[in-house]
Structure formats: structure tokens, C-alpha cells
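The next block holds one structure in the form of C-alpha cells; read it before the comments.
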Amino acid sequence: MIVSPNNARVWLAAGPTDMRRGMKGLSLLVQEGLQKNPHAGDLFVFRGRRGDLLKIIWHDGIGLSLYAKRLERGRFIWPTPVNGVVSISSAQLAYMLDGIDWRNPVHTFRPELAG
């Protein structure tokens, strides 16, 4: 579980990323490719070519963390940005990590009676 502060921004890297990269390679990609500071406390999310694997790097002020998630079925919904990077909210990231379409989440059930 990623316990990030509420003010942390979530950045999605456009296009597929080489999932063989580790913390150092992804940090370098953030710094040089996305023109962002990988140690600023933001979350940077990368998706593999097949779309079923995500990697997230996050610097919590003490050290850099690398998280990975693979879906058993389906693919992560990914935007096609113009400038190479998209910012989403942490709530949208939570939807994405659960395999839900974060662009338009739909409630599947609402109770009608309390008892």
C-alpha cells in the first residue's frame, strides 16, 4: 500500500516503458524524459508495452520506493497525452490500481433500503 501525502501529485508517463528498468533507470527517465524531479515526493507511474504491468516510483523524503502491479486479466487504462505526461489525482490512481476505468468510474450497486 502506498501511503503518500494528500498533496503528492501523480504523473503518468506517456507511451510504453521498458519494464526491465529499476529505480535508477526510472528516476533517470523522470528527470531527463519527463523534466520532473524524481525526489520531489510525487508519484511517477509507468506502464509496460502489453498494458498489464505498472511500476510506480516515489521518494518519501527518506528514500526511493519502487512498486509494481500486474493485472491477472485485462489492461490498465492509459491516456494518450499530447505532451508526454499526464497528472491524475490519487483517487484516480486508486481506481487504476484496482483495474477500474479511472476516467469514468461507475457505481455498480447502490443499496435502496437500510434494513
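Residue numbers start at 1 in each chain; chains themselves are named A, B, ... in the order of the C-alpha cells; ligands are numbered from 1 in the order shown.
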
Next item on the list: Just the residues within 6 Å of range 48-60 of chain A, please, counting only C-alpha atoms, with nothing from its chain fewer than 6 positions along; format it as a list in words.
Entry: Pro16, Thr17, Met19, His39, Gly41, Leu66, Tyr67, Ala68, Lys69, Arg70, Leu71, Arg75 and Phe76 of chain A

Selected residues written out, N, CA, C and O atoms, as a PDB file, in the first residue's frame:
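Result saved to part-v8.pdb:
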ATOM      1  N   PRO A  16       4.617   3.411 -23.833  1.00  0.00           N
ATOM      2  CA  PRO A  16       5.119   2.258 -23.093  1.00  0.00           C
ATOM      3  C   PRO A  16       6.524   2.504 -22.555  1.00  0.00           C
ATOM      4  O   PRO A  16       7.304   3.256 -23.140  1.00  0.00           O
ATOM      5  N   THR A  17       6.827   1.865 -21.440  1.00  0.00           N
ATOM      6  CA  THR A  17       8.129   1.983 -20.790  1.00  0.00           C
ATOM      7  C   THR A  17       8.766   0.601 -20.727  1.00  0.00           C
ATOM      8  O   THR A  17       8.070  -0.394 -20.554  1.00  0.00           O
ATOM      9  N   MET A  19       9.970  -2.202 -18.964  1.00  0.00           N
ATOM     10  CA  MET A  19       9.735  -2.645 -17.604  1.00  0.00           C
ATOM     11  C   MET A  19      10.925  -3.365 -16.986  1.00  0.00           C
ATOM     12  O   MET A  19      10.876  -3.762 -15.830  1.00  0.00           O
ATOM     13  N   HIS A  39      12.769  13.248  -6.886  1.00  0.00           N
ATOM     14  CA  HIS A  39      12.888  13.278  -5.428  1.00  0.00           C
ATOM     15  C   HIS A  39      11.982  14.321  -4.791  1.00  0.00           C
ATOM     16  O   HIS A  39      12.155  14.678  -3.635  1.00  0.00           O
ATOM     17  N   GLY A  41       8.765  14.042  -4.125  1.00  0.00           N
ATOM     18  CA  GLY A  41       7.663  13.495  -3.343  1.00  0.00           C
ATOM     19  C   GLY A  41       6.437  13.146  -4.175  1.00  0.00           C
ATOM     20  O   GLY A  41       5.424  12.719  -3.634  1.00  0.00           O
ATOM     21  N   LEU A  66       9.997   1.588  -5.052  1.00  0.00           N
ATOM     22  CA  LEU A  66       9.533   1.090  -6.340  1.00  0.00           C
ATOM     23  C   LEU A  66       8.413   0.096  -6.077  1.00  0.00           C
ATOM     24  O   LEU A  66       8.578  -0.860  -5.325  1.00  0.00           O
ATOM     25  N   TYR A  67       7.261   0.352  -6.680  1.00  0.00           N
ATOM     26  CA  TYR A  67       6.103  -0.524  -6.552  1.00  0.00           C
ATOM     27  C   TYR A  67       5.765  -1.071  -7.934  1.00  0.00           C
ATOM     28  O   TYR A  67       5.904  -0.374  -8.926  1.00  0.00           O
ATOM     29  N   ALA A  68       5.310  -2.311  -7.977  1.00  0.00           N
ATOM     30  CA  ALA A  68       4.913  -2.921  -9.245  1.00  0.00           C
ATOM     31  C   ALA A  68       3.583  -3.630  -9.048  1.00  0.00           C
ATOM     32  O   ALA A  68       3.313  -4.190  -7.984  1.00  0.00           O
ATOM     33  N   LYS A  69       2.728  -3.588 -10.079  1.00  0.00           N
ATOM     34  CA  LYS A  69       1.457  -4.300 -10.044  1.00  0.00           C
ATOM     35  C   LYS A  69       1.173  -4.851 -11.426  1.00  0.00           C
ATOM     36  O   LYS A  69       1.277  -4.150 -12.417  1.00  0.00           O
ATOM     37  N   ARG A  70       0.784  -6.133 -11.456  1.00  0.00           N
ATOM     38  CA  ARG A  70       0.418  -6.787 -12.704  1.00  0.00           C
ATOM     39  C   ARG A  70      -1.024  -7.261 -12.578  1.00  0.00           C
ATOM     40  O   ARG A  70      -1.405  -7.871 -11.584  1.00  0.00           O
ATOM     41  N   LEU A  71      -1.832  -6.966 -13.603  1.00  0.00           N
ATOM     42  CA  LEU A  71      -3.209  -7.439 -13.632  1.00  0.00           C
ATOM     43  C   LEU A  71      -3.237  -8.872 -14.155  1.00  0.00           C
ATOM     44  O   LEU A  71      -2.544  -9.196 -15.112  1.00  0.00           O
ATOM     45  N   ARG A  75      -6.230  -4.903 -18.993  1.00  0.00           N
ATOM     46  CA  ARG A  75      -5.125  -3.952 -19.111  1.00  0.00           C
ATOM     47  C   ARG A  75      -5.452  -2.691 -18.330  1.00  0.00           C
ATOM     48  O   ARG A  75      -6.616  -2.366 -18.141  1.00  0.00           O
ATOM     49  N   PHE A  76      -4.419  -1.997 -17.930  1.00  0.00           N
ATOM     50  CA  PHE A  76      -4.605  -0.714 -17.270  1.00  0.00           C
ATOM     51  C   PHE A  76      -5.031   0.314 -18.316  1.00  0.00           C
ATOM     52  O   PHE A  76      -4.451   0.382 -19.399  1.00  0.00           O
TER      53      PHE A  76
END

Next item on the list: From range 6-82 of chain A, collect each residue whose DSSP state is strand (DSSP E) and return the set as an NGL selection string.
Entry: :A and (10-13 or 43-47 or 53-59 or 64-70)

Note to self: When you look at Ser87 in chain A with a cut-off of 8 Å (counting only C-alpha atoms), what residues show up, excluding the ones that are within fewer than 2 positions of it in the same chain? I need them as number ranges by chain.
What the structure shows: A: 9-12, 85, 89

Note to self: Using only C-alpha atoms for the distances, tell me which of A:Glu72, A:Ile88, A:Phe46, A:Asn104 is nearest to Gly22 in chain A.
What the structure shows: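 Once distances to Gly22 in chain A are computed over only C-alpha atoms, the minimum belongs to A:Phe46.
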
Checklist line | Proximity to Arg21 in chain A - best of A:Ala40, A:Arg47, A:Ser90, A:Tyr95, only C-alpha atoms | finding: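 Among the listed residues, the smallest separation from Arg21 in chain A belongs to A:Arg47.
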
Notebook entry, point to check: Which one of A:Gly25, A:Ala114, A:Gly74, A:Ile62 sits closest to Leu97 in chain A if you count only C-alpha atoms?
Noted result: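 Answer, going by the shortest atom-to-atom distance: A:Gly74.
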
Margin query: Using DSSP assignments from the backbone, pull out every residue in chain A that falls under alpha helix (DSSP H) and give it to me as a list in words.
Written below: Met23, Lys24, Gly25, Leu26, Ser27, Leu28, Ser90, Ala91, Gln92, Leu93, Ala94, Tyr95, Met96 and Leu97 of chain A
